[in-house]
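For reference, structure-v3.tsv is printed below; it contains TSV, C-alpha atoms and all ligand atoms.
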chain	number	residue	atom	x	y	z
A	1	MET	CA	54.33	-30.48	-79.46
A	2	ARG	CA	51.42	-28.28	-78.42
A	3	ILE	CA	50.01	-28.66	-74.90
A	4	ILE	CA	46.93	-26.58	-74.20
A	5	ALA	CA	44.83	-26.37	-71.05
A	6	HIS	CA	41.27	-25.18	-70.57
A	7	LEU	CA	40.15	-24.21	-67.09
A	8	ASP	CA	36.49	-23.68	-66.24
A	9	MET	CA	35.24	-22.78	-62.78
A	10	ASP	CA	32.61	-25.05	-61.24
A	11	ALA	CA	29.07	-23.64	-60.84
A	12	PHE	CA	30.83	-20.28	-60.82
A	13	PHE	CA	28.26	-17.67	-59.69
A	14	ALA	CA	26.58	-20.13	-57.31
A	15	ALA	CA	29.89	-21.30	-55.85
A	16	ILE	CA	30.81	-17.68	-55.05
A	17	GLU	CA	27.47	-17.08	-53.32
A	18	GLU	CA	27.78	-20.32	-51.37
A	19	ARG	CA	31.29	-19.36	-50.29
A	20	ASP	CA	30.30	-15.84	-49.22
A	21	GLN	CA	27.11	-16.69	-47.35
A	22	PRO	CA	27.84	-19.29	-44.68
A	23	ARG	CA	24.11	-19.87	-44.19
A	24	PHE	CA	23.91	-21.30	-47.73
A	25	LYS	CA	26.52	-23.96	-46.97
A	26	GLY	CA	25.44	-27.37	-48.23
A	27	LEU	CA	22.12	-26.09	-49.59
A	28	PRO	CA	20.92	-26.04	-53.18
A	29	VAL	CA	21.71	-22.52	-54.45
A	30	VAL	CA	20.17	-20.90	-57.53
A	31	VAL	CA	21.52	-17.62	-58.92
A	32	GLY	CA	19.23	-15.70	-61.24
A	33	ALA	CA	16.08	-13.63	-61.49
A	34	ASP	CA	13.75	-13.11	-58.54
A	35	PRO	CA	11.39	-16.12	-58.43
A	36	LYS	CA	8.59	-14.09	-56.77
A	37	ASP	CA	7.02	-17.22	-55.26
A	38	GLY	CA	6.84	-18.87	-58.66
A	39	LYS	CA	5.46	-15.86	-60.54
A	40	GLY	CA	8.84	-14.35	-61.40
A	41	ARG	CA	10.11	-13.69	-64.91
A	42	GLY	CA	13.59	-14.26	-66.16
A	43	VAL	CA	15.90	-17.22	-65.97
A	44	VAL	CA	18.42	-19.10	-63.90
A	45	SER	CA	21.99	-17.89	-64.44
A	46	THR	CA	23.42	-20.95	-62.79
A	47	ALA	CA	22.74	-23.45	-60.04
A	48	ASN	CA	25.14	-25.28	-57.75
A	49	TYR	CA	25.46	-29.05	-58.06
A	50	LYS	CA	22.99	-29.69	-55.20
A	51	ALA	CA	20.34	-27.66	-57.03
A	52	ARG	CA	21.18	-29.44	-60.30
A	53	GLU	CA	20.04	-32.66	-58.60
A	54	TYR	CA	16.58	-31.07	-58.59
A	55	GLY	CA	16.81	-30.54	-62.35
A	56	ILE	CA	17.63	-26.83	-62.05
A	57	HIS	CA	20.17	-25.48	-64.57
A	58	SER	CA	21.30	-22.38	-66.48
A	59	ALA	CA	18.70	-20.71	-68.72
A	60	LEU	CA	15.76	-22.52	-67.10
A	61	PRO	CA	12.83	-20.13	-66.43
A	62	ILE	CA	13.09	-19.07	-62.81
A	63	SER	CA	9.41	-19.98	-62.27
A	64	LYS	CA	10.23	-23.56	-63.29
A	65	ALA	CA	13.19	-23.60	-60.89
A	66	TRP	CA	10.87	-22.47	-58.12
A	67	GLU	CA	8.45	-25.27	-58.98
A	68	LEU	CA	11.24	-27.88	-58.89
A	69	SER	CA	12.35	-26.58	-55.51
A	70	GLU	CA	8.78	-26.82	-54.16
A	71	ILE	CA	8.55	-30.41	-55.40
A	72	ALA	CA	11.81	-31.25	-53.62
A	73	LYS	CA	10.49	-29.61	-50.48
A	74	SER	CA	7.34	-31.74	-50.60
A	75	GLN	CA	9.64	-34.78	-50.69
A	76	GLY	CA	11.31	-33.67	-47.47
A	77	LYS	CA	14.41	-32.22	-49.15
A	78	PRO	CA	15.70	-28.70	-48.46
A	79	LYS	CA	14.20	-25.86	-50.48
A	80	ALA	CA	16.55	-24.09	-52.87
A	81	VAL	CA	18.02	-20.72	-51.90
A	82	PHE	CA	17.42	-18.11	-54.63
A	83	VAL	CA	19.96	-15.29	-54.98
A	84	GLY	CA	20.12	-12.34	-57.37
A	85	VAL	CA	23.01	-11.87	-59.80
A	86	ASP	CA	25.90	-9.71	-58.58
A	87	PHE	CA	27.84	-9.60	-61.80
A	88	LYS	CA	30.36	-7.01	-60.67
A	89	HIS	CA	31.39	-9.14	-57.74
A	90	TYR	CA	31.82	-12.23	-59.93
A	91	GLU	CA	33.98	-10.19	-62.32
A	92	GLU	CA	36.25	-9.25	-59.42
A	93	VAL	CA	36.60	-12.88	-58.38
A	94	SER	CA	37.29	-13.79	-62.01
A	95	GLU	CA	40.15	-11.29	-62.11
A	96	LYS	CA	41.71	-12.78	-58.99
A	97	ILE	CA	41.63	-16.23	-60.52
A	98	ILE	CA	43.30	-14.95	-63.68
A	99	GLU	CA	46.02	-13.36	-61.54
A	100	ILE	CA	46.70	-16.76	-59.94
A	101	ILE	CA	46.96	-18.49	-63.33
A	102	LYS	CA	49.26	-15.79	-64.66
A	103	LYS	CA	51.80	-16.68	-61.97
A	104	TYR	CA	52.29	-20.05	-63.66
A	105	VAL	CA	51.84	-19.38	-67.37
A	106	THR	CA	52.47	-16.56	-69.82
A	107	LEU	CA	50.19	-17.19	-72.80
A	108	ILE	CA	46.58	-17.04	-71.70
A	109	GLU	CA	43.23	-16.38	-73.39
A	110	ILE	CA	40.30	-15.23	-71.31
A	111	ALA	CA	37.35	-16.93	-72.99
A	112	SER	CA	34.57	-15.93	-70.59
A	113	ILE	CA	34.01	-14.82	-67.03
A	114	ASP	CA	34.87	-18.29	-65.72
A	115	GLU	CA	37.00	-19.95	-68.36
A	116	VAL	CA	40.47	-19.52	-69.77
A	117	TYR	CA	42.78	-21.31	-72.16
A	118	PHE	CA	46.51	-21.34	-71.57
A	119	ASP	CA	49.55	-22.72	-73.31
A	120	LEU	CA	51.70	-25.25	-71.50
A	121	SER	CA	53.82	-26.34	-74.48
A	122	SER	CA	56.99	-25.07	-72.82
A	123	PHE	CA	56.61	-27.76	-70.15
A	124	LYS	CA	57.28	-30.32	-72.89
A	125	SER	CA	55.37	-33.24	-71.36
A	126	TYR	CA	51.76	-33.94	-70.37
A	127	LYS	CA	53.01	-35.08	-67.00
A	128	LYS	CA	54.67	-31.73	-66.24
A	129	ALA	CA	51.66	-29.84	-67.63
A	130	GLN	CA	49.42	-31.83	-65.33
A	131	GLU	CA	51.57	-30.93	-62.32
A	132	VAL	CA	51.31	-27.22	-63.14
A	133	CYS	CA	47.54	-27.49	-63.42
A	134	LYS	CA	47.36	-29.27	-60.08
A	135	LYS	CA	49.25	-26.37	-58.52
A	136	ILE	CA	46.92	-23.84	-60.13
A	137	LYS	CA	43.85	-25.73	-58.92
A	138	TYR	CA	45.35	-25.98	-55.45
A	139	GLU	CA	46.10	-22.26	-55.27
A	140	ILE	CA	42.60	-21.34	-56.47
A	141	LYS	CA	41.13	-23.64	-53.85
A	142	SER	CA	43.24	-22.38	-50.98
A	143	LYS	CA	43.15	-18.67	-51.83
A	144	GLU	CA	39.67	-18.30	-53.33
A	145	LYS	CA	37.91	-21.28	-51.76
A	146	LEU	CA	36.56	-22.28	-55.16
A	147	THR	CA	37.07	-25.28	-57.39
A	148	ALA	CA	37.93	-25.39	-61.07
A	149	SER	CA	37.93	-28.17	-63.64
A	150	VAL	CA	40.81	-28.41	-66.08
A	151	GLY	CA	41.29	-30.24	-69.35
A	152	ILE	CA	44.65	-30.76	-71.04
A	153	GLY	CA	45.12	-31.73	-74.68
A	154	SER	CA	46.92	-30.98	-77.92
A	155	ASN	CA	44.62	-28.10	-78.87
A	156	LYS	CA	41.84	-25.84	-77.57
A	157	LEU	CA	39.03	-28.10	-78.73
A	158	VAL	CA	40.37	-31.19	-76.98
A	159	ALA	CA	41.20	-29.20	-73.82
A	160	LYS	CA	37.73	-27.67	-73.70
A	161	ILE	CA	35.93	-30.98	-74.05
A	162	ALA	CA	38.29	-32.61	-71.54
A	163	SER	CA	37.67	-29.93	-68.89
A	164	ASP	CA	33.98	-30.83	-68.93
A	165	MET	CA	34.51	-34.56	-68.45
A	166	GLN	CA	35.07	-34.73	-64.70
A	167	LYS	CA	33.27	-31.75	-63.22
A	168	PRO	CA	33.42	-30.56	-60.49
A	169	ASP	CA	37.05	-30.27	-59.38
A	170	GLY	CA	38.29	-32.41	-62.27
A	171	LEU	CA	41.60	-32.68	-64.08
A	172	THR	CA	41.45	-34.63	-67.35
A	173	VAL	CA	44.39	-35.24	-69.66
A	174	VAL	CA	43.76	-36.46	-73.20
A	175	LYS	CA	46.98	-37.40	-74.98
A	176	SER	CA	47.15	-37.01	-78.77
A	177	GLU	CA	47.05	-40.77	-79.35
A	178	ASP	CA	43.83	-41.05	-77.31
A	179	VAL	CA	41.91	-38.19	-78.94
A	180	GLU	CA	39.91	-40.27	-81.43
A	181	SER	CA	38.80	-42.87	-78.88
A	182	PHE	CA	37.98	-40.11	-76.41
A	183	PHE	CA	35.85	-38.22	-78.94
A	184	GLU	CA	33.97	-41.09	-80.62
A	185	PRO	CA	31.46	-41.95	-77.87
A	186	LEU	CA	30.61	-38.29	-77.22
A	187	SER	CA	27.21	-36.96	-78.12
A	188	LEU	CA	27.36	-34.61	-81.14
A	189	ARG	CA	26.27	-31.72	-78.95
A	190	LYS	CA	29.60	-31.79	-77.14
A	191	ILE	CA	31.21	-30.41	-80.30
A	192	PRO	CA	31.28	-26.62	-80.11
A	193	GLY	CA	29.26	-25.24	-83.00
A	194	ILE	CA	26.78	-28.11	-83.04
A	195	GLY	CA	23.63	-26.70	-81.50
A	196	PRO	CA	20.12	-28.09	-81.06
A	197	LYS	CA	19.13	-27.53	-84.70
A	198	THR	CA	22.12	-29.34	-86.18
A	199	GLU	CA	21.69	-32.07	-83.61
A	200	GLU	CA	18.06	-32.51	-84.68
A	201	PHE	CA	19.08	-32.60	-88.35
A	202	PHE	CA	21.56	-35.41	-87.72
A	203	LYS	CA	19.22	-37.31	-85.45
A	204	LYS	CA	16.88	-37.77	-88.41
A	205	LEU	CA	19.77	-39.36	-90.27
A	206	GLY	CA	20.43	-41.68	-87.35
A	207	VAL	CA	23.56	-39.78	-86.32
A	208	SER	CA	23.89	-39.02	-82.63
A	209	THR	CA	27.53	-39.53	-81.65
A	210	VAL	CA	30.83	-38.21	-82.93
A	211	LYS	CA	31.60	-41.72	-84.18
A	212	ASP	CA	28.40	-41.68	-86.28
A	213	ILE	CA	29.26	-38.40	-88.00
A	214	LYS	CA	32.66	-39.73	-89.02
A	215	LYS	CA	31.04	-41.88	-91.70
A	216	TYR	CA	30.49	-38.73	-93.76
A	217	SER	CA	33.28	-37.53	-96.01
A	218	GLN	CA	34.46	-33.96	-95.92
A	219	GLU	CA	32.69	-33.39	-99.27
A	220	ASP	CA	29.42	-34.79	-97.88
A	221	LEU	CA	29.50	-32.43	-94.94
A	222	LYS	CA	30.58	-29.53	-97.10
A	223	SER	CA	27.62	-30.03	-99.42
A	224	MET	CA	25.29	-30.12	-96.41
A	225	PHE	CA	26.66	-27.20	-94.41
A	226	GLY	CA	29.15	-25.34	-96.57
A	227	LYS	CA	32.24	-24.12	-94.76
A	228	LEU	CA	30.77	-25.16	-91.42
A	229	GLY	CA	30.68	-28.74	-92.69
A	230	ILE	CA	34.47	-28.78	-93.03
A	231	ASP	CA	34.63	-27.49	-89.50
A	232	PHE	CA	32.44	-30.37	-88.26
A	233	TYR	CA	34.60	-32.86	-90.18
A	234	GLU	CA	37.75	-31.63	-88.48
A	235	LYS	CA	36.28	-31.21	-85.02
A	236	ALA	CA	34.90	-34.76	-85.05
A	237	ARG	CA	38.52	-35.86	-85.45
A	238	GLY	CA	39.77	-33.60	-82.69
A	239	ILE	CA	41.51	-31.32	-85.17
A	240	ASP	CA	41.73	-27.65	-84.20
A	241	ASN	CA	44.53	-25.30	-85.13
A	242	SER	CA	43.12	-22.16	-83.59
A	243	PRO	CA	45.68	-20.17	-81.62
A	244	ILE	CA	45.42	-18.92	-78.07
A	245	GLU	CA	44.30	-15.34	-78.61
A	246	GLU	CA	45.83	-13.36	-75.86
A	247	CYS	CA	45.02	-9.92	-77.19
A	248	TYR	CA	41.64	-10.79	-78.51
A	249	ASP	CA	39.62	-9.06	-75.88
A	250	THR	CA	36.56	-11.06	-75.00
A	251	LYS	CA	35.82	-8.82	-72.08
A	252	SER	CA	32.52	-7.08	-72.31
A	253	ILE	CA	30.21	-4.94	-70.24
A	254	GLY	CA	26.52	-5.60	-70.39
A	255	GLU	CA	23.21	-5.53	-68.66
A	256	GLN	CA	19.77	-6.85	-69.26
A	257	GLU	CA	16.30	-6.37	-67.97
A	258	THR	CA	13.30	-8.65	-67.88
A	259	PHE	CA	10.01	-6.79	-67.89
A	260	GLU	CA	7.29	-7.45	-65.36
A	261	LYS	CA	4.92	-8.09	-68.26
A	262	ASP	CA	5.56	-8.94	-71.91
A	263	THR	CA	5.01	-5.69	-73.73
A	264	PHE	CA	4.85	-4.04	-77.11
A	265	ASP	CA	4.74	-0.52	-75.75
A	266	SER	CA	7.49	1.07	-77.84
A	267	GLY	CA	7.66	4.17	-75.61
A	268	PHE	CA	8.19	2.06	-72.52
A	269	ILE	CA	10.76	-0.22	-74.15
A	270	SER	CA	12.71	2.72	-75.58
A	271	GLU	CA	12.81	4.25	-72.09
A	272	ARG	CA	14.16	1.01	-70.64
A	273	LEU	CA	16.71	0.78	-73.45
A	274	LYS	CA	17.78	4.33	-72.68
A	275	PHE	CA	18.25	3.36	-69.06
A	276	LEU	CA	20.32	0.29	-70.02
A	277	THR	CA	22.46	2.42	-72.33
A	278	GLU	CA	23.17	4.88	-69.54
A	279	SER	CA	23.99	2.21	-67.06
A	280	VAL	CA	26.33	0.32	-69.43
A	281	TRP	CA	27.95	3.64	-70.38
A	282	GLN	CA	28.57	4.50	-66.73
A	283	ARG	CA	30.21	1.14	-66.10
A	284	PHE	CA	32.33	1.60	-69.21
A	285	LYS	CA	33.44	5.05	-67.99
A	286	LYS	CA	34.36	3.66	-64.59
A	287	SER	CA	36.33	0.81	-66.15
A	288	ASP	CA	39.93	1.00	-67.32
A	289	PHE	CA	38.85	0.69	-70.92
A	290	LYS	CA	39.10	3.65	-73.26
A	291	LYS	CA	37.21	2.40	-76.30
A	292	PHE	CA	34.82	-0.25	-77.45
A	293	ARG	CA	34.04	-1.44	-80.94
A	294	THR	CA	30.88	-3.53	-80.85
A	295	ILE	CA	27.39	-3.07	-79.49
A	296	ALA	CA	25.27	-6.19	-79.06
A	297	LEU	CA	21.57	-6.17	-78.36
A	298	THR	CA	19.54	-9.16	-77.22
A	299	VAL	CA	15.77	-9.28	-77.40
A	300	ARG	CA	13.68	-12.07	-75.94
A	301	PHE	CA	10.12	-12.33	-77.11
A	302	GLN	CA	7.11	-13.85	-75.41
A	303	GLY	CA	7.56	-17.61	-75.55
A	304	PHE	CA	11.35	-17.27	-75.03
A	305	GLU	CA	12.45	-16.91	-78.64
A	306	THR	CA	15.63	-14.86	-78.35
A	307	LYS	CA	17.51	-12.89	-80.99
A	308	SER	CA	20.82	-11.09	-80.74
A	309	ARG	CA	22.12	-8.50	-83.13
A	310	SER	CA	25.40	-6.70	-82.99
A	311	TYR	CA	26.89	-3.79	-84.81
A	312	THR	CA	30.42	-2.50	-85.07
A	313	PRO	CA	30.37	1.13	-86.21
A	314	LYS	CA	33.23	2.32	-88.42
A	315	GLU	CA	34.06	5.12	-86.03
A	316	ASN	CA	34.51	4.69	-82.32
A	317	ILE	CA	31.62	5.86	-80.23
A	318	ARG	CA	32.60	8.99	-78.39
A	319	ASP	CA	29.78	9.93	-76.10
A	320	LEU	CA	26.59	8.76	-74.48
A	321	ASP	CA	24.41	10.38	-77.14
A	322	GLY	CA	26.22	8.53	-79.89
A	323	PHE	CA	25.93	5.30	-77.95
A	324	ARG	CA	22.17	5.78	-77.37
A	325	PHE	CA	21.68	6.52	-81.05
A	326	GLU	CA	23.51	3.38	-82.20
A	327	ALA	CA	21.73	1.17	-79.66
A	328	LEU	CA	18.36	2.51	-80.76
A	329	LYS	CA	19.24	1.91	-84.40
A	330	ILE	CA	19.85	-1.78	-83.63
A	331	PHE	CA	16.66	-1.98	-81.63
A	332	ILE	CA	14.14	-0.31	-83.99
A	333	PRO	CA	13.83	-3.31	-86.38
A	334	PHE	CA	12.54	-5.33	-83.42
A	335	LEU	CA	9.47	-3.14	-83.39
A	336	ASP	CA	8.58	-3.85	-86.99
A	337	ARG	CA	8.50	-6.57	-89.59
A	338	ARG	CA	12.24	-6.72	-90.05
A	339	GLU	CA	13.05	-8.51	-86.80
A	340	ASN	CA	9.58	-9.08	-85.44
A	341	PRO	CA	7.33	-10.27	-88.28
A	342	ASN	CA	4.73	-11.80	-85.97
A	343	HIS	CA	4.45	-8.69	-83.88
A	344	LYS	CA	5.39	-10.54	-80.70
A	345	SER	CA	5.53	-8.85	-77.34
A	346	ILE	CA	8.93	-8.38	-75.79
A	347	ARG	CA	9.96	-9.91	-72.52
A	348	LEU	CA	13.60	-8.94	-72.12
A	349	ILE	CA	16.18	-6.64	-73.60
A	350	GLY	CA	19.91	-6.81	-73.00
A	351	LEU	CA	22.70	-4.54	-74.13
A	352	ARG	CA	26.39	-5.36	-74.19
A	353	ILE	CA	29.52	-3.65	-75.44
A	354	LYS	CA	32.37	-5.80	-76.69
A	355	ASN	CA	35.89	-5.56	-78.07
A	356	LEU	CA	36.91	-3.24	-75.29
A	357	LYS	CA	40.32	-1.69	-75.65
B	401	LIG	P1	29.31	-22.08	-67.05
B	401	LIG	O1	30.78	-22.34	-66.91
B	401	LIG	O2	28.64	-22.56	-68.27
B	401	LIG	O3	28.53	-22.74	-65.83
B	401	LIG	P2	28.94	-22.88	-64.31
B	401	LIG	O4	30.32	-22.37	-64.06
B	401	LIG	O5	27.89	-22.25	-63.47
B	401	LIG	O6	28.85	-24.44	-64.06
B	401	LIG	P3	29.85	-25.58	-64.56
B	401	LIG	O7	30.37	-26.21	-63.31
B	401	LIG	O8	29.02	-26.51	-65.35
B	401	LIG	O9	30.94	-24.93	-65.36
B	401	LIG	O10	29.04	-20.53	-66.94
B	401	LIG	C1	29.78	-19.68	-66.09
B	401	LIG	C2	28.87	-18.66	-65.46
B	401	LIG	O11	28.22	-17.89	-66.44
B	401	LIG	C3	27.77	-19.27	-64.60
B	401	LIG	O12	28.20	-19.51	-63.26
B	401	LIG	C4	26.70	-18.23	-64.69
B	401	LIG	C5	26.90	-17.59	-66.04
B	401	LIG	N1	25.88	-18.09	-66.99
B	401	LIG	C6	24.70	-17.40	-67.14
B	401	LIG	O13	24.49	-16.37	-66.50
B	401	LIG	N2	23.75	-17.89	-67.99
B	401	LIG	C7	23.94	-19.05	-68.70
B	401	LIG	O14	23.04	-19.46	-69.45
B	401	LIG	C8	25.16	-19.75	-68.54
B	401	LIG	C9	25.41	-21.04	-69.30
B	401	LIG	C10	26.11	-19.24	-67.67
B	402	MG	MG	31.90	-22.97	-65.27
Will you turn the file into structure tokens for me?
Ligand code: TTP
Ligand code: MG
Amino acid sequence: MRIIAHLDMDAFFAAIEERDQPRFKGLPVVVGADPKDGKGRGVVSTANYKAREYGIHSALPISKAWELSEIAKSQGKPKAVFVGVDFKHYEEVSEKIIEIIKKYVTLIEIASIDEVYFDLSSFKSYKKAQEVCKKIKYEIKSKEKLTASVGIGSNKLVAKIASDMQKPDGLTVVKSEDVESFFEPLSLRKIPGIGPKTEEFFKKLGVSTVKDIKKYSQEDLKSMFGKLGIDFYEKARGIDNSPIEECYDTKSIGEQETFEKDTFDSGFISERLKFLTESVWQRFKKSDFKKFRTIALTVRFQGFETKSRSYTPKENIRDLDGFRFEALKIFIPFLDRRENPNHKSIRLIGLRIKNLK
């Protein structure tokens, strides 16, 4: 029997800031771009649960977050505290949390800066697995003064959805026999891989929950979405055979910059890209990694449309010049018809290296 857990930290960046700055205690905290009294560009990275009560959440324009905080203030509630992103610090905290988990389990996959999957099959029962997770949560809370939410199930999909059910500080166990009844009432969007577009597509067909999608046969879904359709069919039934990928290195190093003004000045943008390349390269050199395989570039246009493109060169990149060259090659199509047919101005560029070894 497989027993898999998914652990996800609660309001991660904001919780760290709240912990480290006693004056923030109990206040709504927003981590992200500088709001500049409502004129700021960029977005919210995350908000703590107090700030979420104001409607502030990840990826919301920071100017909108500022507005929501002002509205709250006019209603006699405390204003939100806005803090910049200190990614390096959060990475360090993330590493400490992983060290704690590694004391209890051996097979672990680091899925992002604040979430991991681990295998608890050797504990043989859900009850024992639950006890281990309680200990992990307790140690994170006492040593790091942070809370995590954990989901336990028969595979990664079930564990991931379960960890989100009782946030913050939750621990949710979904036994194999309960998977179908647990999944059916969920909104389609809870299924990883079903994004806003697919959701919209199904809404038109009157399908909004996992239960609704189950009326389609595997062939139906395959004819609508190809291979992805089979994936939806299985996920709706809580089926997921994907292994815990311990070696698969999801770690990455990246940076992004939001411009003061949307711009189409190619000289300016290339300069900023050069700067990002240098700064990512420096962090890579300072890290313990020796190589990386993939370069990913994100471009956000005026109006928030965002595109990401990545490239994995055949040969490893050896030096800064090579890195700059490859990054520029990914970027150039954004200046012409290939990636920017409507000639939109650019608001943000981000550069990330992945598959670090
Ligand atoms: P999440 O786990 O999605 O969010 P969270 O930990 O802040 O809150 P929750 O309690 O709901 O889990 O993401 C982890 C961190 O990643 C988050 O603290 C900040 C960062 N992040 C961004 O910078 N931008 C984003 O759009 C998202 C979703 C997360
Ligand atoms: Mg989280």
I'd like a table as JSON lines: residues in chain A with an atom no more than 7 Å from ligand MG 402 (chain B), each row giving the shortest atom pair and its distance in Å to one decimal, all atoms listed in the file counted, sorted by chain and rising residue number.
{"residue": "A:Asp8", "atom": "CA", "partner": "B:MG402", "partner_atom": "MG", "distance": 4.7}
{"residue": "A:Met9", "atom": "CA", "partner": "B:MG402", "partner_atom": "MG", "distance": 4.2}
{"residue": "A:Asp10", "atom": "CA", "partner": "B:MG402", "partner_atom": "MG", "distance": 4.6}
{"residue": "A:Ala11", "atom": "CA", "partner": "B:MG402", "partner_atom": "MG", "distance": 5.3}
{"residue": "A:Phe12", "atom": "CA", "partner": "B:MG402", "partner_atom": "MG", "distance": 5.3}
{"residue": "A:Asp114", "atom": "CA", "partner": "B:MG402", "partner_atom": "MG", "distance": 5.6}
{"residue": "A:Glu115", "atom": "CA", "partner": "B:MG402", "partner_atom": "MG", "distance": 6.7}
Exercise. Considering only C-alpha atoms, state which residue in the set A:Lys175, A:Ile253, A:Gln21, A:Lys222 is at the smallest distance from Lys354 (chain A).
Key: A:Ile253
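Remark: for Ile136 (chain A), the closest of the candidate residues A:Leu171, A:Pro341, A:Tyr216, A:Asp288 is A:Leu171 (distances computed over all atoms listed in the file).
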Quiz item: Would you name the residues within 8 Å of ligand LIG 401 (chain B), counting all atoms listed in the file, and put them as a PyMOL selection string?
Solution: chain A and resi 8-15+31-32+44-49+58-59+112-115+148-149+164+167-168
Quiz item: Residues at most 9 Å from region 267-277 of chain A, counting only C-alpha atoms, excluding those fewer than 6 positions away in the same chain, as a ChimeraX atom specification?
Solution: /A:254-257,320,323-324,327-328,331,346,349-352
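With all atoms listed in the file as the basis for measurement, A:Ile98 is the residue among A:Ala296, A:Ala162, A:Ile239, A:Ile98 that approaches Ala111 (chain A) most closely.
Between Ser266 (chain A) and the residues A:Leu221, A:Ile191, A:Leu335, A:Leu297, the shortest atom-to-atom distance, using all atoms listed in the file, involves A:Leu335.
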Exercise on region 146-151 of chain A, axis-aligned box with 5 Å per side, report centre and edge lengths in Å to one decimal, as lines of an AutoDock Vina configuration file:
center_x = 38.9
center_y = -26.3
center_z = -62.3
size_x = 14.7
size_y = 18.0
size_z = 24.2
Exercise. For Ala51 (chain A), list every protein, DNA or RNA residue within 8 Å, evaluated using all atoms listed in the file, and leave out those in the same chain fewer than 6 positions away; present the list as a VMD selection string.
Key: chain A and resid 27 to 30 57 80
Just write the chosen residues, C-alpha atoms, as a PDB file, in the frame of the given file.
ATOM      1  CA  LEU A  27      22.120 -26.090 -49.590  1.00  0.00           C
ATOM      2  CA  PRO A  28      20.920 -26.040 -53.180  1.00  0.00           C
ATOM      3  CA  VAL A  29      21.710 -22.520 -54.450  1.00  0.00           C
ATOM      4  CA  VAL A  30      20.170 -20.900 -57.530  1.00  0.00           C
ATOM      5  CA  HIS A  57      20.170 -25.480 -64.570  1.00  0.00           C
ATOM      6  CA  ALA A  80      16.550 -24.090 -52.870  1.00  0.00           C
TER       7      ALA A  80
END
Self-check item: For Glu99 (chain A), the nearest of the candidates A:Leu146, A:Leu60, A:Val81, A:Ile140, counting all atoms listed in the file
Solution: A:Ile140
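Interatomic distance, CA of Leu205 (chain A) against CA of Glu180 (chain A): 22.0 Å.
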